[in-house]
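The structure under discussion appears below in the form of structure tokens.
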Amino acid sequence: MKYKTNPVFPKNFFWGASSAAWQVEGATLEGGRTQAIIDLNSQTKKPFTDNSIAADHYHHYKEDVALMKECGFTSYRFSFSWSRIIPQKGVINPEGIAFYNNLIDELVGAGITPIVTLYHYDMPCWVDELYGGWHNRAIIDEFDFYCRTCFENFGDRVKYWLSINEQNMQIVYGDWLGVSKGCTDWFKEKWDINHIMNLCHAKAVIACHEMVEGGKIGPVPGYVPIYPKSCKPEDQIAAMNAEELTQKIWDDLYYFGEYNGFVKSYWREHDITPDIREGDMELIKQAKIDFFAINCYRSDVGMAPDNTYLQEIGLNKYGRKGEFVYTNIPGEYALDRNKYVETTDWDWHIDGTCMRYTMRYMWDHYHLPMVITEAGFGAHEDLDENGEIHDDYRIDYLRDYIYNLGLAISDGVEVMGFNPWSFTDLLSTGNGMAKRYGLVFVNTTDDELRDLKRYKKDSFYWYQKLIKSNGQEWGKDMSDWKDFNRTSEIASDLKAKGVKD
Ligand code: BG6
């Protein structure tokens with residue numbers, strides 16, 4: 001497949017990057033913030049550092065925004081920390097409001113549009129102590145109060161809002177992201193928690209439309225397209241099952257305001273009866289989203305499962321290639337390694353085409369505009385002897401993903417912007433600073449607290465040029481882009497090495 005012309009990105013396309021409060025801010029007990037469950041959780045993930053300092057963005061935000069401006073950003077996607085804004089039940093923290101006001105003003109002053117996530121995994125401890133977090137419907141009013149406080153204080157300058165980050169992943173990876181805490185039967189209880197999250201999402205959407213003039217709001221699904229392993233009909237259905245159980249159930253709910261037939265039948269088969277009360281579905285239906293924010297890092301491969309055993313997903317926790325354990329769910333699907341693409345040290349498939357696939361898939365199903373809020377390359381990195389980071393692998397990754405995003409736009413999909421993960425290095429969900437994603441290196445490690453100085457990586461300079469040319473200067477001749485065909489090269493390479501289908 002060759003393309004004679006490069007894709008054209010719309011004028012006013014949002015070029016930026018992404019972060020989340022608990023992963024970047026640090027200062028967990030400063031400025032009136034109280035602890036979040038994820039702070040405690042991150043303390044247990046040794047040998048990786050916790051989030052008490054992270055990238056220390058709380059103290060470096062002016063410098064960070066200046067760097068964004070230097071890179072040419074027109075958007076920045078970040079999250080608010082609930083416990084920085086509401087540190088105790090019913091209490092609004094003026095210092096927390098001031099911090100985010102300053103950050104927003106700094107961004108707006110630099111010509112950067114803020115795109116704000118209301119919830120990115122950081123449940124305040126007080127909500128957990130009072131109600132057991134997501135387990136209790138009392139959280140719905142607390143979340144509503146928090147969201148309304150945000151809209152009231154920041155809605156004059158923030159017009160793009162995101163409700164809950166990767167609700168689907170929080171349910172699929174309950175242990176990893178801490179949502180299953182306190183559950184005795186996660187398999188069933190997750191659907192109650194999920195329903196409560198849906199109600200919180202719905203309340204946020206309704207309140208945003210009510211309170212923010214010209215405000216737009218959408219959910220943030222984590223999207224991992226599932227390709228069938230072969231054209232065996234069973235593999236196709238298994239891939240579709242995987243797609244339903246890891247993402248489509250959620251997307252359908254957000255868009256149609258209803259649980260789809262697949263999940264209802266799944267519940268029936270597994271004797272699951274989520275606590276759905278009178279009025280709930282009306283509320284959910286009333287919450288009309290304006291767009292989808294999409295996180296898309298990788299793809300997966302689905303195939304018919306072996307019905308004799310259950311294998312839960314085993315995430316690669318230390319960045320040693322080959323440690324990822326693929327899921328096998330009897331009666332539903334199994335996942336597998338895709339030998340046509342390469343992987344990161346954490347066994348994540350590197351596959352720019354999955355960006356185009358995701359955009360096409362979501363557009364075909366929902367016809368809503370989209371903004372990319374995450375995509376990125378996690379790597380072990382440190383400064384070389386010249387104090388530099390030559391992250392060619394990240395440039396290749398970003399080029400591939402952005403190019404494919406451009407192709408999706410050429411295919412007719414409406415895309416508002418691209419915000420890769422992440423701007424500066426920050427904490428990964430489970431690997432501290434050992435898994436870095438930034439365009440800007442932050443000088444600290446898991447075992448040594450250094451000066452936290454910022455260093456621009458090669459990817460920063462590459463992205464700066466791409467932004468300046470509104471997605472035309474790729475640093476490579478894209479009209480004869482051999483890399484675009486690399487999947488077939490890898491396949492023939494594997495064949496030459498004797499690897500069988
Ligand atoms: C996304 C999350 O799913 O993936 C981020 O929204 C996360 O919070 C990112 O950091 C990368 O995952 P990880 O595990 O490598 O940090």
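Each chain in the structure tokens gets a letter, A, B and so on, in the order shown; residues start at 1 in every chain, and ligands are counted from 1 in the order they appear.
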**Message:** List as a PyMOL selection string the protein and nucleic acid residues near Asp392 (chain A), meaning an atom at most 8 Å away when only C-alpha atoms are counted, but skip any in the same chain fewer than 2 places from it.
**Reply:** chain A and resi 390+394-396+458-459
**Request:** Do a neighbour search on region 212-229 of chain A at 8 Å with only C-alpha atoms, toss out local chain neighbours closer than 6 positions, and write the hits as a ChimeraX atom specification.
**Result:** /A:151-152,155-156,158-169,201,205,235-236,238-240,242-243,247,250-251,254,289-303,336,338,354,357-358,373
Mind dumping a table of every chain A residue within 9 Å of ligand 1, with the nearest atom pair and its distance in Å to one decimal, using only C-alpha atoms and all ligand atoms, sorted by chain and rising number, as JSON lines?
{"residue": "A:Ser19", "atom": "CA", "partner": "ligand 1", "partner_atom_place_in_ligand_line": "8 (O)", "distance": 7.5}
{"residue": "A:Ala20", "atom": "CA", "partner": "ligand 1", "partner_atom_place_in_ligand_line": "8 (O)", "distance": 6.4}
{"residue": "A:Trp22", "atom": "CA", "partner": "ligand 1", "partner_atom_place_in_ligand_line": "8 (O)", "distance": 8.8}
{"residue": "A:Gln23", "atom": "CA", "partner": "ligand 1", "partner_atom_place_in_ligand_line": "8 (O)", "distance": 7.3}
{"residue": "A:His120", "atom": "CA", "partner": "ligand 1", "partner_atom_place_in_ligand_line": "8 (O)", "distance": 7.0}
{"residue": "A:Tyr121", "atom": "CA", "partner": "ligand 1", "partner_atom_place_in_ligand_line": "8 (O)", "distance": 7.6}
{"residue": "A:Asn165", "atom": "CA", "partner": "ligand 1", "partner_atom_place_in_ligand_line": "6 (O)", "distance": 6.2}
{"residue": "A:Glu166", "atom": "CA", "partner": "ligand 1", "partner_atom_place_in_ligand_line": "6 (O)", "distance": 6.3}
{"residue": "A:Met169", "atom": "CA", "partner": "ligand 1", "partner_atom_place_in_ligand_line": "3 (O)", "distance": 7.2}
{"residue": "A:Trp176", "atom": "CA", "partner": "ligand 1", "partner_atom_place_in_ligand_line": "14 (O)", "distance": 9.0}
{"residue": "A:Val220", "atom": "CA", "partner": "ligand 1", "partner_atom_place_in_ligand_line": "6 (O)", "distance": 8.6}
{"residue": "A:Pro221", "atom": "CA", "partner": "ligand 1", "partner_atom_place_in_ligand_line": "3 (O)", "distance": 8.9}
{"residue": "A:Gly222", "atom": "CA", "partner": "ligand 1", "partner_atom_place_in_ligand_line": "3 (O)", "distance": 6.1}
{"residue": "A:Tyr223", "atom": "CA", "partner": "ligand 1", "partner_atom_place_in_ligand_line": "3 (O)", "distance": 8.9}
{"residue": "A:Asn295", "atom": "CA", "partner": "ligand 1", "partner_atom_place_in_ligand_line": "1 (C)", "distance": 6.8}
{"residue": "A:Cys296", "atom": "CA", "partner": "ligand 1", "partner_atom_place_in_ligand_line": "3 (O)", "distance": 8.4}
{"residue": "A:Tyr297", "atom": "CA", "partner": "ligand 1", "partner_atom_place_in_ligand_line": "4 (O)", "distance": 7.8}
{"residue": "A:Lys317", "atom": "CA", "partner": "ligand 1", "partner_atom_place_in_ligand_line": "14 (O)", "distance": 8.6}
{"residue": "A:Trp346", "atom": "CA", "partner": "ligand 1", "partner_atom_place_in_ligand_line": "15 (O)", "distance": 8.2}
{"residue": "A:Thr373", "atom": "CA", "partner": "ligand 1", "partner_atom_place_in_ligand_line": "6 (O)", "distance": 8.7}
{"residue": "A:Glu374", "atom": "CA", "partner": "ligand 1", "partner_atom_place_in_ligand_line": "1 (C)", "distance": 6.9}
{"residue": "A:Ala375", "atom": "CA", "partner": "ligand 1", "partner_atom_place_in_ligand_line": "4 (O)", "distance": 8.0}
{"residue": "A:Gly376", "atom": "CA", "partner": "ligand 1", "partner_atom_place_in_ligand_line": "11 (C)", "distance": 7.6}
{"residue": "A:Phe377", "atom": "CA", "partner": "ligand 1", "partner_atom_place_in_ligand_line": "15 (O)", "distance": 8.4}
{"residue": "A:Gly378", "atom": "CA", "partner": "ligand 1", "partner_atom_place_in_ligand_line": "15 (O)", "distance": 6.1}
{"residue": "A:Trp421", "atom": "CA", "partner": "ligand 1", "partner_atom_place_in_ligand_line": "9 (C)", "distance": 7.1}
{"residue": "A:Ser422", "atom": "CA", "partner": "ligand 1", "partner_atom_place_in_ligand_line": "10 (O)", "distance": 8.5}
{"residue": "A:Leu426", "atom": "CA", "partner": "ligand 1", "partner_atom_place_in_ligand_line": "10 (O)", "distance": 8.1}
{"residue": "A:Leu427", "atom": "CA", "partner": "ligand 1", "partner_atom_place_in_ligand_line": "16 (O)", "distance": 6.7}
{"residue": "A:Ser428", "atom": "CA", "partner": "ligand 1", "partner_atom_place_in_ligand_line": "16 (O)", "distance": 3.1}
{"residue": "A:Thr429", "atom": "CA", "partner": "ligand 1", "partner_atom_place_in_ligand_line": "16 (O)", "distance": 3.9}
{"residue": "A:Gly430", "atom": "CA", "partner": "ligand 1", "partner_atom_place_in_ligand_line": "14 (O)", "distance": 5.7}
{"residue": "A:Asn431", "atom": "CA", "partner": "ligand 1", "partner_atom_place_in_ligand_line": "16 (O)", "distance": 6.9}
{"residue": "A:Gly432", "atom": "CA", "partner": "ligand 1", "partner_atom_place_in_ligand_line": "16 (O)", "distance": 8.0}
{"residue": "A:Lys435", "atom": "CA", "partner": "ligand 1", "partner_atom_place_in_ligand_line": "15 (O)", "distance": 6.5}
{"residue": "A:Arg436", "atom": "CA", "partner": "ligand 1", "partner_atom_place_in_ligand_line": "15 (O)", "distance": 8.0}
{"residue": "A:Tyr437", "atom": "CA", "partner": "ligand 1", "partner_atom_place_in_ligand_line": "15 (O)", "distance": 8.0}
**Best match for closeness to Gly132 (chain A) among A:Lys62, A:Cys183, A:Cys150, A:Ser83, counting only C-alpha atoms** =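 Distance minimum relative to Gly132 (chain A) lands on A:Cys183.
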**Message:** Could you go through region 62-140 of chain A and tell me which residues DSSP, when run on the backbone, assigns to strand (DSSP E), listing them as a list in words?
**Reply:** Ser75, Tyr76, Arg77, Phe78, Ser79, Thr113, Pro114, Ile115, Val116, Thr117, Leu118 and Tyr119 of chain A
**Item:** Selection near Tyr326 (chain A), 7 Å with only C-alpha atoms, sequence-local residues under 3 positions removed, as number ranges by chain
**Value:** A: 313-314, 335-336
**Message:** Show me, as an MDAnalysis selection string, the residues that have an atom within 12 Å of His367 (chain A) when counting only C-alpha atoms, minus same-chain residues fewer than 2 positions from it.
**Reply:** chainID A and resid 255 289:292 359:365 369:370 412:415
Could you save the residues just selected, with N, CA and C atoms, as an mmCIF file, in the first residue's frame?
data_model
loop_
_atom_site.group_PDB
_atom_site.id
_atom_site.type_symbol
_atom_site.label_atom_id
_atom_site.label_comp_id
_atom_site.auth_asym_id
_atom_site.auth_seq_id
_atom_site.Cartn_x
_atom_site.Cartn_y
_atom_site.Cartn_z
ATOM 1 N N TYR A 255 -23.009 6.032 24.107
ATOM 2 C CA TYR A 255 -23.638 6.644 22.940
ATOM 3 C C TYR A 255 -25.158 6.435 22.911
ATOM 4 N N ILE A 289 -23.395 12.563 24.934
ATOM 5 C CA ILE A 289 -21.988 12.991 24.822
ATOM 6 C C ILE A 289 -21.755 13.755 23.521
ATOM 7 N N ASP A 290 -20.718 14.608 23.514
ATOM 8 C CA ASP A 290 -20.430 15.426 22.331
ATOM 9 C C ASP A 290 -19.354 14.806 21.449
ATOM 10 N N PHE A 291 -18.493 14.008 22.053
ATOM 11 C CA PHE A 291 -17.386 13.412 21.291
ATOM 12 C C PHE A 291 -16.854 12.227 22.089
ATOM 13 N N PHE A 292 -15.994 11.451 21.460
ATOM 14 C CA PHE A 292 -15.240 10.420 22.170
ATOM 15 C C PHE A 292 -13.786 10.879 22.267
ATOM 16 N N MET A 359 -10.034 4.499 14.655
ATOM 17 C CA MET A 359 -10.787 5.680 14.214
ATOM 18 C C MET A 359 -11.928 5.279 13.282
ATOM 19 N N ARG A 360 -11.612 4.377 12.371
ATOM 20 C CA ARG A 360 -12.634 3.931 11.414
ATOM 21 C C ARG A 360 -13.753 3.193 12.147
ATOM 22 N N TYR A 361 -13.365 2.329 13.059
ATOM 23 C CA TYR A 361 -14.334 1.505 13.803
ATOM 24 C C TYR A 361 -15.284 2.402 14.594
ATOM 25 N N MET A 362 -14.699 3.343 15.334
ATOM 26 C CA MET A 362 -15.526 4.207 16.188
ATOM 27 C C MET A 362 -16.418 5.109 15.338
ATOM 28 N N TRP A 363 -15.856 5.602 14.244
ATOM 29 C CA TRP A 363 -16.634 6.481 13.372
ATOM 30 C C TRP A 363 -17.796 5.715 12.735
ATOM 31 N N ASP A 364 -17.502 4.502 12.271
ATOM 32 C CA ASP A 364 -18.559 3.699 11.640
ATOM 33 C C ASP A 364 -19.685 3.391 12.622
ATOM 34 N N HIS A 365 -19.313 3.178 13.896
ATOM 35 C CA HIS A 365 -20.355 2.826 14.872
ATOM 36 C C HIS A 365 -21.113 4.031 15.407
ATOM 37 N N PRO A 369 -17.361 13.071 16.542
ATOM 38 C CA PRO A 369 -15.965 13.492 16.431
ATOM 39 C C PRO A 369 -15.113 12.865 17.536
ATOM 40 N N MET A 370 -13.821 12.774 17.277
ATOM 41 C CA MET A 370 -12.927 12.165 18.280
ATOM 42 C C MET A 370 -11.698 13.017 18.485
ATOM 43 N N GLY A 412 -12.260 9.987 5.952
ATOM 44 C CA GLY A 412 -13.537 10.646 6.243
ATOM 45 C C GLY A 412 -13.887 10.755 7.716
ATOM 46 N N VAL A 413 -12.976 10.353 8.587
ATOM 47 C CA VAL A 413 -13.265 10.393 10.022
ATOM 48 C C VAL A 413 -13.013 11.813 10.557
ATOM 49 N N GLU A 414 -13.865 12.237 11.470
ATOM 50 C CA GLU A 414 -13.697 13.584 12.036
ATOM 51 C C GLU A 414 -12.844 13.518 13.312
ATOM 52 N N VAL A 415 -11.655 14.082 13.239
ATOM 53 C CA VAL A 415 -10.733 14.025 14.380
ATOM 54 C C VAL A 415 -10.328 15.450 14.765
#
